[in-house]
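Data first, discussion second: the structure below is written as structure tokens.
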Amino acid sequence: MKEVTFQSSSSKRPIRATAERQRAAVWKCVRGAVMAEGLLMKVEASLHSQSAYQSEPLSRGAGLQRSAYCKEQLRRGAEEFCFEELRAERLNRHRQQELDEKLRRVTELKEQLGRELEEQLGRELEEQLGRELEEQLGRELEEQLGRELEEQLGRELEEQLGRELEEQKHLLRLTQQVPEGSSSQISDSDQTASSFQIYNETQTAAARPAGNELTDDVFLRPDERGPCLRIQYPRQDHQGGTTQDLQAQEESRPPVVSQKPVTKTRQKLSTIQETSVDGNSRLSLRDCSPLWEDQAPSSDGGAVDPCDPDVRRRLLCDVTSSPDFHSEPHPLPPVEEHSCLQLGGDVYLLYDRAVDGGGFCVYKGALEDDYVLLKVDSCSVPWDFHQFQRLKNSSLTASLPHVSCFQFLDGCITVYTTPTDHMFTELTECVPCEASVGRRAIGLLQLVSQLHSCRLLHAALQPNILTCSHRGLLSPHWVFPVDWSSSVDLDLQQDVTSVQQVLSAQNYISLGLLDPNAPPQLVDLVGVAETVHHLLTNRRMVAVKDENGWTPEQFSGDEPCDIYSRMWRRVFRSLLNASGRSSSSVLLELKEQLSTLYH
């Protein structure tokens with residue numbers, strides 16, 4: 001192309017430079033486009049050759065090589081994965097699936113175990129709640145029955161006290177209305193005089209005066225001999241029967257020890273001789289133990305009687321200093337059932353006679369709001385007061401009663417008063433079930449253990465002289481004796497070292513239950529066995545011996561039995577075969593065993 005220039009030569013030079021620059025820029029663009037098109041053709045050729053190379057058979061020289069990348073994955077997106085990464089991905093995905101499966105199984109197992117545990121705990125909790133509810137209902141029922149029974153007994157006692165008080169007031173008014181020297185008084189004195197009869201023990205049975213049978217007991221002092229004065233006074237028993245009925249009932253009992261012939265000494269003795277066998281200052285041996293039934297006590301064999309009143313009087317020197325001991329310079333006042341008795345400025349209301357031991361009597365009574373037991377003894381030695389004070393001073397319980405003693409010229413009256421909010425019940429009273437017997441047996445073992453710990457020996461434990469002190473019917477029972485006539489203080493009477501020196505143990509020795517050289521405490525263990533047997537069976541204990549030792553006849557044998565019968569078998573065998581063991585260890589062991597069963 002030919003340029004047409006209309007400008008001067010000085011202006012042609014910039015125009016030419018601008019045209020050159022424009023041509024250079026156009027050429028550069030054209031060259032870049034050509035290069036880009038050539039590069040694109042190279043890349044397509046390279047891809048085409050690579051694909052063709054991969055599709056050729058391996059028989060060729062380069063057939064052993066393999067691409068490390070998957071072309072499908074290359075064309076899928078911007079990320080590139082090699083075959084190792086894909087294999088690792090599949091492995092990880094498989095492992096993850098296995099872990100998920102294991103986790104699922106573990107979760108299901110955990111849920112199943114949780115459900116089973118909840119069901120098990122639910123059943124156990126339901127059973128425990130059922131037992132607790134049953135025990136709670138049982139306790140509440142017992143407490144309610146106990147309260148109702150206490151209220152009923154309280155009402156009956158108040159009614160009885162009211163009636164007896166009215167009777168006493170009526171009798172007092174009648175006594176005040178009768179003038180002295182009246183014909184009725186003379187008639188009574190004549191009737192009383194006609195009931196006096198004199199017996200001479202040297203007379204034969206044929207020479208004795210005939211007449212009505214004398215049913216009252218006789219109090220003979222140890223130094224009295226020869227003719228004796230006896231007053232005929234037929235008294236009625238509380239239930240309506242006479243003493244003759246009780247005597248006939250006692251004689252009708254079968255003998256206990258079948259191995260020995262039954263003696264007739266009781267029938268051969270006169271009434272006075274029978275009463276004065278043991279000095280009449282303590283309970284006769286026949287009354288001390290059922291094993292002595294229908295057998296005469298024997299003092300042969302060198303047995304020493306540590307219960308002689310003169311011996312005891314010499315031993316007691318510190319009793320009179322006690323504030324609860326009162327000396328009265330006159331004879332015993334008249335004491336009768338359903339009457340009043342004044343002692344030391346207090347008036348005691350007497351109810352029934354609880355124990356009649358020949359040389360003593362125990363009466364139930366009351367002093368204002370307190371229950372009392374009064375023992376009227378024909379012996380003037382305050383031995384019961386001394387022994388009970390020893391027991392009370394060595395005991396830590398507050399359930400034992402308060403004791404006081406009134407000494408007269410011809411006897412003693414020992415008064416047992418209940419502690420605050422306590423009451424007295426006989427050991428054999430209200431024993432409805434075996435559990436109650438177990439609790440009272442524990443209290444009896446506690447008593448004997450306490451006695452032996454302070455070196456006291458009772459030597460005549462029997463149900464009729466044992467009393468319980470307790471707050472309520474369901475509270476623990478503290479057992480204590482109301483008669484200590486046969487007891488021994490081993491601290492004061494240190495010469496008593498074996499059972500053969502205890503008079504109440506002679507029959508046990510003759511039967512073979514006790515060895516003559518055994519410790520004297522074993523007498524109380526046999527007494528505990530007899531008392532517990534009476535509480536369980538209401539029968540006298542018949543001791544038999546087998547290859548394992550002595551045991552009650554009713555609890556002998558090896559036949560299957562329940563846990564309670566097995567426990568009582570062990571208790572009796574331990575008590576009756578305690579030779580070679582200390583009484584304290586036997587009592588402690590039995591107390592622990594019974595406490596686990598009758599808590």
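Following the order of the structure tokens, chains are lettered A, B, ..., residues in each are numbered from 1, and ligands are numbered from 1.
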Residues near A:Arg439, anyone? I mean within 8 Å using only C-alpha atoms, not counting same-chain ones fewer than 5 positions away, as an NGL selection string.
:A and (476-477 or 595 or 598-599)
For those residues, write all heavy atoms to a file as a short mmCIF file (atom, residue, chain, number, x, y, z; two decimals), in the first residue's frame.
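Below you can see again_4.cif, which holds the result:
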data_model
loop_
_atom_site.label_atom_id
_atom_site.label_comp_id
_atom_site.auth_asym_id
_atom_site.auth_seq_id
_atom_site.Cartn_x
_atom_site.Cartn_y
_atom_site.Cartn_z
N PRO A 476 -36.86 -55.66 126.91
CA PRO A 476 -36.03 -56.73 127.48
C PRO A 476 -36.43 -57.05 128.92
O PRO A 476 -36.82 -56.17 129.68
CB PRO A 476 -34.61 -56.16 127.40
CG PRO A 476 -34.68 -55.13 126.33
CD PRO A 476 -36.06 -54.54 126.40
N HIS A 477 -36.32 -58.34 129.26
CA HIS A 477 -36.70 -58.81 130.58
C HIS A 477 -35.44 -58.93 131.45
O HIS A 477 -34.48 -59.59 131.06
CB HIS A 477 -37.41 -60.16 130.49
CG HIS A 477 -38.72 -60.11 129.78
ND1 HIS A 477 -38.84 -59.99 128.41
CD2 HIS A 477 -39.99 -60.14 130.25
CE1 HIS A 477 -40.10 -59.97 128.06
NE2 HIS A 477 -40.83 -60.06 129.16
N SER A 595 -29.09 -65.04 121.55
CA SER A 595 -29.33 -63.66 121.11
C SER A 595 -29.37 -63.56 119.59
O SER A 595 -30.10 -62.73 119.04
CB SER A 595 -28.24 -62.74 121.67
OG SER A 595 -28.26 -62.73 123.08
N TYR A 598 -33.01 -65.11 118.93
CA TYR A 598 -34.15 -64.40 119.53
C TYR A 598 -33.72 -62.97 119.88
O TYR A 598 -33.60 -62.61 121.03
CB TYR A 598 -34.63 -65.11 120.79
CG TYR A 598 -35.05 -66.54 120.58
CD1 TYR A 598 -34.22 -67.60 120.97
CD2 TYR A 598 -36.26 -66.84 119.98
CE1 TYR A 598 -34.61 -68.90 120.77
CE2 TYR A 598 -36.64 -68.15 119.77
CZ TYR A 598 -35.81 -69.18 120.17
OH TYR A 598 -36.19 -70.48 119.98
N HIS A 599 -33.40 -62.15 118.87
CA HIS A 599 -32.99 -60.78 119.10
C HIS A 599 -34.20 -59.88 119.17
O HIS A 599 -35.28 -60.20 118.71
CB HIS A 599 -32.05 -60.30 118.00
CG HIS A 599 -32.61 -60.45 116.62
ND1 HIS A 599 -32.55 -61.66 115.94
CD2 HIS A 599 -33.25 -59.58 115.80
CE1 HIS A 599 -33.11 -61.52 114.75
NE2 HIS A 599 -33.56 -60.27 114.63
#
By how many Å are atom CA of A:Asp483 and atom CA of A:Val448 apart?
14.3 Å
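Among the candidate residues A:Pro329, A:Pro481, A:Pro401, A:Gly549, the one lying nearest to A:Leu451 is A:Pro481, with distances computed using only C-alpha atoms.
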Can you list, as number ranges by chain, every protein, DNA or RNA residue that comes within 8 Å of stretch 410-423 of chain A when you count only C-alpha atoms, leaving out same-chain residues fewer than 5 positions away?
A: 331-332, 370-382, 384-385, 398-405, 469-472
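Atom CA of A:Arg163 to atom CA of A:Cys340 spans 13.8 Å [interatomic distance, one decimal].
When atom CA of A:Asp369 is paired with atom CA of A:Ala354, their separation reads 19.6 Å.
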All residues 12 Å or closer to A:Leu492, only C-alpha atoms, same chain fewer than 3 positions away omitted, as a ChimeraX atom specification:
/A:306,311-317,386-387,390,454-457,487-489,495-496
